[in-house]
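Working notes, structure below.
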Amino acid sequence: TLLVLDFGSQYSHLITRRLRDLQIYSELLPCTANISELPWKPKGIILSGGPYSVYEKDAPHVNWAQLSSLGVPILGICYGLQEIAWHFDNSNVLAGEKREYGHARVKIEKHKGEAVHADKLFNGLGNEMDVYMSHGDKLSHIPQSFSVIADTPNAPLAAIVHNTKPIYGIQFHPEVTHTPKGTELLRNFAVDICEARQHWTMDEFVGKEIARIRALVGEKGQVIGAVSGGVDSTVAAKLMNEAIGPRFHAILVDNGLLRQDEAKTVHKTLTEDLGIRLTVVDASQRFLDELRGVTEPEKKRRIIGRNFIEVFQEEAKKIEEAAASSPQAGEIEWLLQGTLYPDVIESISFKGPSATIKTHHNVGGLPGIMHLKLIEPLRELFKEQVILHFRLRCRLYFICNVPSGGPINARHVILPNARTKLGIPERLVWRHPFPGPGLAIRVLGEVTESQLAIARHADVIFQEEIVAGGFYREISQSFAAVLPVKAVGVAGDKRIWAQVISLRAVQTTDFMTADFWYPPKEFIKKVSLRITNEVNGVSRVVFDLTSKPPGTIEME
Ligand code: XMP
């Protein structure tokens, strides 16, 4: 395991990400963490970048006594480099403020002074490499007992190494993709210098996680959790099911705001395909009653959130009462949550001396209300790891469409019966995200049965055509929304005054920003014609050409 100490750089989490791509397990902790109390000993430490200057009054510093007593190799990146220089050299090591952002080309130094560990960091990376610089401070001179191992015209001390210890500092960021050989440099550090083992695979993760869940929950413990049919909750539920079988109870709240046949499909997938113990609670009427007359999006969200918690709690109570009469099972003490690593990082990153630390976001505050302990099987994983692993597992199923050895890309057909390693159906793994408040935020204005029926029907047509056209995978999310206006049209020989459907499709990797997807003319013509012909109560179809920002993905 490698330990990454975070000084607050926007790239810190990418360091752990790259290491995990290399199958090296790594953890990120704030730079102020008490590392002498870690339950494990890291094989190496990486000090991240950060927005500070080491001489600032409030500048964060690691506990060097603790760090030195570990006696493991250290790599400082950007601020981490300055932190090392600041620690090892009493004189002022900074050449004042001179900002440098963007591409630079570093020359690997051939004459490395007397440093014994000099060669390993840049081993195999050639004489020069392209790097990404993003820093304010830079070093003014080589700190005592260090040698230079790389330079650029602008930063003559782009990389340094301690003369006798495996302690390195680099001015540039190897963790970003703009440093093309950055991952190789991190590999050199982690594998060759720290001797970390590259054995962190998803298979191993799954096995270990199942064992961890069993140990945590014990022989009789029971767990409940909400599922939505999305990838995260399904994968988390499947892991629970592998670990403790029917002592895990999944609950799907049908809020009446799901898409066509969604509750049925999720039920089939989870129970028949994955063998998960699932209760579907049909609370449609309750949600619709509560939403009557409400048009304001935030108010809709609050109503849906509150009712979700109430319904979930009522169902949990029923399960608990039923479980209490069974002598084989203990109390329900645990709540499953599909927390992913970015949420964990968000709560542990170093936010500076004054920043408050955000707690994990969670499903509508359920854990607090229910006094249950949280179990989070995905908390070590990035979204892409959850998705990609389970996608790539089924690569062979796509053989007809995947260029040999090439990456799976957008145009490969979705095979309805393909399965991933954990048995998760392929169509589910590729599924576009669907928001918790469901169609209520895709029916603008008041949510009524008839508006929901229009939204469902139009969406089915849009999705069918997207799949048929082979576009499903190049689009990250797509939906039909019902606008809260009517427009005039002609149907047959009659004038109609009916709803307007807005179609939206976006491309994004992180859903924080997104570009609208530009539909091919023949495709969109067909979708438009089908919707106006087949969906009752629609006079027009428009296509949303707004990216995010300034739009959001959902319309609300
Ligand atoms: P926005 O509309 O904020 O959405 O650009 C970004 C992504 O988040 C999804 N989304 C939600 N997902 N509960 C969810 O589970 C919600 O309340 C919610 N609101 C937005 C949205 O579908 C998009 O993928």
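Numbering starts fresh at 1 for the residues of each chain in the structure tokens, the chains themselves are lettered A, B, ... in the order given, and ligands are numbered from 1 as they appear.
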
Residues within 10 Å of stretch 147-151 of chain A, please, as a compact mmCIF listing (two decimals) with C-alpha atoms, in the first residue's frame. Count only C-alpha atoms; anything in the same chain fewer than 5 positions from it doesn't count.
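Listed below is the output, out.txt:
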```
# COMPACT_ATOMS: atom_id res chain seq x y z
CA ALA A 104 7.03 21.97 -20.22
CA ARG A 105 9.74 19.66 -21.44
CA VAL A 106 12.08 18.35 -18.78
CA LYS A 107 15.57 17.15 -19.49
CA ILE A 108 16.65 14.17 -17.45
CA GLU A 109 20.04 15.03 -15.94
CA LYS A 110 22.93 12.76 -16.76
CA HIS A 111 25.23 14.08 -14.06
CA LYS A 112 23.46 13.48 -10.85
CA GLY A 113 26.07 14.41 -8.31
CA GLU A 114 26.64 11.83 -5.66
CA ALA A 115 23.04 10.65 -5.23
CA VAL A 116 22.85 6.88 -4.88
CA ALA A 118 19.25 8.93 -8.63
CA ASP A 119 18.61 6.62 -11.57
CA LEU A 121 12.76 7.56 -10.79
CA PHE A 122 13.21 8.38 -14.48
CA ASN A 127 16.35 11.73 -22.01
CA GLU A 128 13.48 14.17 -22.10
CA MET A 129 9.83 14.05 -21.21
CA HIS A 141 18.86 26.29 -5.12
CA ILE A 142 19.47 22.64 -4.45
CA PRO A 156 16.35 24.32 -13.39
CA LEU A 157 15.45 22.22 -10.35
CA ALA A 158 12.50 20.33 -11.85
CA ALA A 159 13.39 17.14 -9.97
CA ILE A 160 15.72 16.42 -7.07
CA VAL A 161 16.79 13.41 -5.07
CA HIS A 162 18.38 13.05 -1.63
CA ASN A 163 22.01 11.96 -1.88
CA TYR A 168 12.50 12.52 -4.39
CA GLY A 169 10.85 15.78 -5.28
CA ILE A 170 9.40 16.77 -8.64
CA GLN A 171 8.06 20.15 -9.65
```

**Asked** Hey, what's within 8 Å of A:Ser476 if we count only C-alpha atoms and toss same-chain stuff fewer than 3 positions away? As an NGL selection string, please?
**Response** :A and (432 or 472-473 or 505-509)

Which residues form the shell of 9 Å around ligand 1 when you count only C-alpha atoms and all ligand atoms, given as number ranges by chain?
A: 228, 301, 305, 363, 432-438, 441, 476-477, 510-514, 548-549, 551-556

Got time to write the residues from that selection, C-alpha atoms, as an mmCIF file, in the first residue's frame?
```cif
data_model
loop_
_atom_site.group_PDB
_atom_site.id
_atom_site.type_symbol
_atom_site.label_atom_id
_atom_site.label_comp_id
_atom_site.auth_asym_id
_atom_site.auth_seq_id
_atom_site.Cartn_x
_atom_site.Cartn_y
_atom_site.Cartn_z
ATOM 1 C CA SER A 228 -32.784 1.881 -7.660
ATOM 2 C CA ARG A 301 -37.552 17.214 -4.703
ATOM 3 C CA GLY A 305 -37.132 12.887 -0.551
ATOM 4 C CA VAL A 363 -29.637 8.890 0.698
ATOM 5 C CA HIS A 432 -27.610 5.790 -18.409
ATOM 6 C CA PRO A 433 -28.055 7.256 -14.945
ATOM 7 C CA PHE A 434 -31.583 8.001 -13.843
ATOM 8 C CA PRO A 435 -32.158 10.531 -11.063
ATOM 9 C CA GLY A 436 -33.738 9.637 -7.723
ATOM 10 C CA PRO A 437 -36.644 12.098 -8.160
ATOM 11 C CA GLY A 438 -37.321 10.323 -11.454
ATOM 12 C CA ILE A 441 -37.980 16.425 -12.726
ATOM 13 C CA SER A 476 -23.923 9.534 -21.465
ATOM 14 C CA GLN A 477 -27.494 10.389 -20.615
ATOM 15 C CA ASP A 510 -18.160 13.135 -14.807
ATOM 16 C CA PHE A 511 -21.646 14.646 -15.101
ATOM 17 C CA MET A 512 -20.272 17.862 -13.607
ATOM 18 C CA THR A 513 -19.987 19.399 -17.041
ATOM 19 C CA ALA A 514 -21.545 18.078 -20.217
ATOM 20 C CA LYS A 548 -23.734 22.185 -18.874
ATOM 21 C CA PRO A 549 -22.970 24.847 -17.823
ATOM 22 C CA GLY A 551 -27.737 24.253 -18.312
ATOM 23 C CA THR A 552 -27.958 21.343 -15.928
ATOM 24 C CA ILE A 553 -28.395 17.862 -17.289
ATOM 25 C CA GLU A 554 -31.905 17.467 -15.955
ATOM 26 C CA MET A 555 -34.394 20.140 -17.009
ATOM 27 C CA GLU A 556 -36.579 20.331 -13.884
#
```

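With atom CA of A:Leu186 on one side and atom CA of A:Glu376 on the other, the separation reads 28.7 Å.
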
DSSP strand (DSSP E or B) residues within stretch 76-266 of chain A, as a VMD selection string
chain A and resid 76 to 77 94 to 108 128 to 139 146 to 151 159 to 162 167 to 170 222 to 226 248 to 254

Could those selected residues go to a file with C-alpha atoms, as a PDB file, in the first residue's frame?
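Contents of out13.pdb, as written:
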```pdb
ATOM      1  CA  GLY A  76       7.035  15.026  -3.214  1.00  0.00           C
ATOM      2  CA  ILE A  77       5.006  16.486  -6.060  1.00  0.00           C
ATOM      3  CA  LEU A  94      12.125  29.379  -2.781  1.00  0.00           C
ATOM      4  CA  ALA A  95      12.827  31.674  -5.698  1.00  0.00           C
ATOM      5  CA  GLY A  96       9.858  33.855  -4.968  1.00  0.00           C
ATOM      6  CA  GLU A  97       6.609  33.740  -6.793  1.00  0.00           C
ATOM      7  CA  LYS A  98       6.788  32.930 -10.437  1.00  0.00           C
ATOM      8  CA  ARG A  99       3.780  31.122 -11.725  1.00  0.00           C
ATOM      9  CA  GLU A 100       4.106  28.453 -14.349  1.00  0.00           C
ATOM     10  CA  TYR A 101       1.159  26.595 -15.804  1.00  0.00           C
ATOM     11  CA  GLY A 102       0.954  24.178 -18.662  1.00  0.00           C
ATOM     12  CA  HIS A 103       3.291  22.179 -20.816  1.00  0.00           C
ATOM     13  CA  ALA A 104       7.026  21.968 -20.220  1.00  0.00           C
ATOM     14  CA  ARG A 105       9.739  19.659 -21.436  1.00  0.00           C
ATOM     15  CA  VAL A 106      12.084  18.354 -18.784  1.00  0.00           C
ATOM     16  CA  LYS A 107      15.572  17.151 -19.495  1.00  0.00           C
ATOM     17  CA  ILE A 108      16.649  14.167 -17.453  1.00  0.00           C
ATOM     18  CA  GLU A 128      13.483  14.169 -22.102  1.00  0.00           C
ATOM     19  CA  MET A 129       9.828  14.052 -21.206  1.00  0.00           C
ATOM     20  CA  ASP A 130       6.744  16.236 -21.644  1.00  0.00           C
ATOM     21  CA  VAL A 131       5.232  17.282 -18.375  1.00  0.00           C
ATOM     22  CA  TYR A 132       2.485  19.435 -16.969  1.00  0.00           C
ATOM     23  CA  MET A 133       3.552  22.198 -14.610  1.00  0.00           C
ATOM     24  CA  SER A 134       1.199  24.048 -12.339  1.00  0.00           C
ATOM     25  CA  HIS A 135       2.916  25.888  -9.565  1.00  0.00           C
ATOM     26  CA  GLY A 136       3.536  29.226  -7.989  1.00  0.00           C
ATOM     27  CA  ASP A 137       6.755  28.650  -6.083  1.00  0.00           C
ATOM     28  CA  LYS A 138       9.875  27.001  -7.354  1.00  0.00           C
ATOM     29  CA  LEU A 139      13.184  26.142  -5.770  1.00  0.00           C
ATOM     30  CA  PHE A 146      20.205  16.742  -2.583  1.00  0.00           C
ATOM     31  CA  SER A 147      21.103  16.468  -6.265  1.00  0.00           C
ATOM     32  CA  VAL A 148      19.265  17.578  -9.360  1.00  0.00           C
ATOM     33  CA  ILE A 149      17.887  14.823 -11.583  1.00  0.00           C
ATOM     34  CA  ALA A 150      15.828  16.827 -14.095  1.00  0.00           C
ATOM     35  CA  ASP A 151      15.510  20.404 -15.253  1.00  0.00           C
ATOM     36  CA  ALA A 159      13.388  17.135  -9.970  1.00  0.00           C
ATOM     37  CA  ILE A 160      15.716  16.419  -7.075  1.00  0.00           C
ATOM     38  CA  VAL A 161      16.793  13.407  -5.067  1.00  0.00           C
ATOM     39  CA  HIS A 162      18.381  13.052  -1.633  1.00  0.00           C
ATOM     40  CA  ILE A 167      13.544  10.813  -1.179  1.00  0.00           C
ATOM     41  CA  TYR A 168      12.498  12.516  -4.394  1.00  0.00           C
ATOM     42  CA  GLY A 169      10.846  15.781  -5.278  1.00  0.00           C
ATOM     43  CA  ILE A 170       9.399  16.773  -8.636  1.00  0.00           C
ATOM     44  CA  GLN A 222     -28.947  -8.385   8.879  1.00  0.00           C
ATOM     45  CA  VAL A 223     -28.606  -5.527   6.428  1.00  0.00           C
ATOM     46  CA  ILE A 224     -31.166  -3.491   4.538  1.00  0.00           C
ATOM     47  CA  GLY A 225     -30.608  -1.169   1.634  1.00  0.00           C
ATOM     48  CA  ALA A 226     -32.464   0.796  -0.990  1.00  0.00           C
ATOM     49  CA  PHE A 248     -29.546  -8.775   3.019  1.00  0.00           C
ATOM     50  CA  HIS A 249     -32.909  -7.184   2.256  1.00  0.00           C
ATOM     51  CA  ALA A 250     -33.149  -4.867  -0.724  1.00  0.00           C
ATOM     52  CA  ILE A 251     -36.008  -2.399  -1.000  1.00  0.00           C
ATOM     53  CA  LEU A 252     -37.141  -0.718  -4.196  1.00  0.00           C
ATOM     54  CA  VAL A 253     -39.525   2.137  -3.586  1.00  0.00           C
ATOM     55  CA  ASP A 254     -41.768   2.510  -6.620  1.00  0.00           C
TER      56      ASP A 254
END
```

A straight line from atom CA of A:Glu37 to atom CA of A:Pro73 spans 18.5 Å

Excluding A:Lys521 and residues on its chain fewer than 6 positions from it, collect all residues at most 12 Å away from it, counting only C-alpha atoms, and give them as a PDB file with C-alpha atoms, in the first residue's frame.
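Okay, this is what ended up in selection.pdb:
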```pdb
ATOM      1  CA  GLY A 469     -29.053   3.714 -34.195  1.00  0.00           C
ATOM      2  CA  VAL A 527     -37.618  10.092 -33.479  1.00  0.00           C
ATOM      3  CA  SER A 528     -39.618  13.278 -33.918  1.00  0.00           C
ATOM      4  CA  PHE A 543     -34.198  19.218 -29.127  1.00  0.00           C
TER       5      PHE A 543
END
```

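Computed from the coordinates, the atom CA of A:Asn63 to atom CA of A:Asn34 distance equals 7.9 Å.
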
The residue from A:Ala480, A:Gln10, A:Gly221, A:Pro327 with the smallest atom-to-atom distance to A:Leu372, counting only C-alpha atoms, is A:Gly221

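Within the 9 Å cut-off around A:Lys486, using only C-alpha atoms and omitting residues fewer than 5 positions from it on the same chain, the listed residues are A:Trp497, A:Ala498, A:Gln499, A:Val500, A:Val538, A:Ser539, A:Arg540.
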
Keeping C-alpha atoms, export the residues of the selection given above as an mmCIF file, in the first residue's frame.
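Listing of part.cif after writing:
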```cif
data_model
loop_
_atom_site.group_PDB
_atom_site.id
_atom_site.type_symbol
_atom_site.label_atom_id
_atom_site.label_comp_id
_atom_site.auth_asym_id
_atom_site.auth_seq_id
_atom_site.Cartn_x
_atom_site.Cartn_y
_atom_site.Cartn_z
ATOM 1 C CA TRP A 497 -53.381 22.003 -28.895
ATOM 2 C CA ALA A 498 -51.051 19.686 -27.075
ATOM 3 C CA GLN A 499 -47.840 19.214 -25.117
ATOM 4 C CA VAL A 500 -44.298 19.937 -26.316
ATOM 5 C CA VAL A 538 -48.016 15.722 -28.166
ATOM 6 C CA SER A 539 -47.977 18.340 -30.889
ATOM 7 C CA ARG A 540 -44.270 19.106 -31.174
#
```

* Asked: Which neighbours of A:Asp6 fall inside 8 Å, counting only C-alpha atoms, when residues of the same chain fewer than 4 positions from it are skipped, and could you give them as a PyMOL selection string?
  -> chain A and resi 12+28-31+47-50+349-350

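Nearest to A:Glu175 of all the residues A:Phe308, A:Tyr11, A:Phe205, A:Phe471 is A:Tyr11, based on only C-alpha atoms.
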
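Closest approach to A:Cys194 among A:Ile24, A:Leu14, A:Val542, A:Ala243: A:Ile24, based on only C-alpha atoms.
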
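Of the listed residues (A:Lys525, A:Ser36, A:Pro246, A:Ser145), A:Ser145 comes nearest to A:His87; the distances count only C-alpha atoms.
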
With distances taken over only C-alpha atoms, the candidate from A:Lys300, A:Lys165, A:His371, A:Lys526 nearest A:Ala440 is A:Lys300
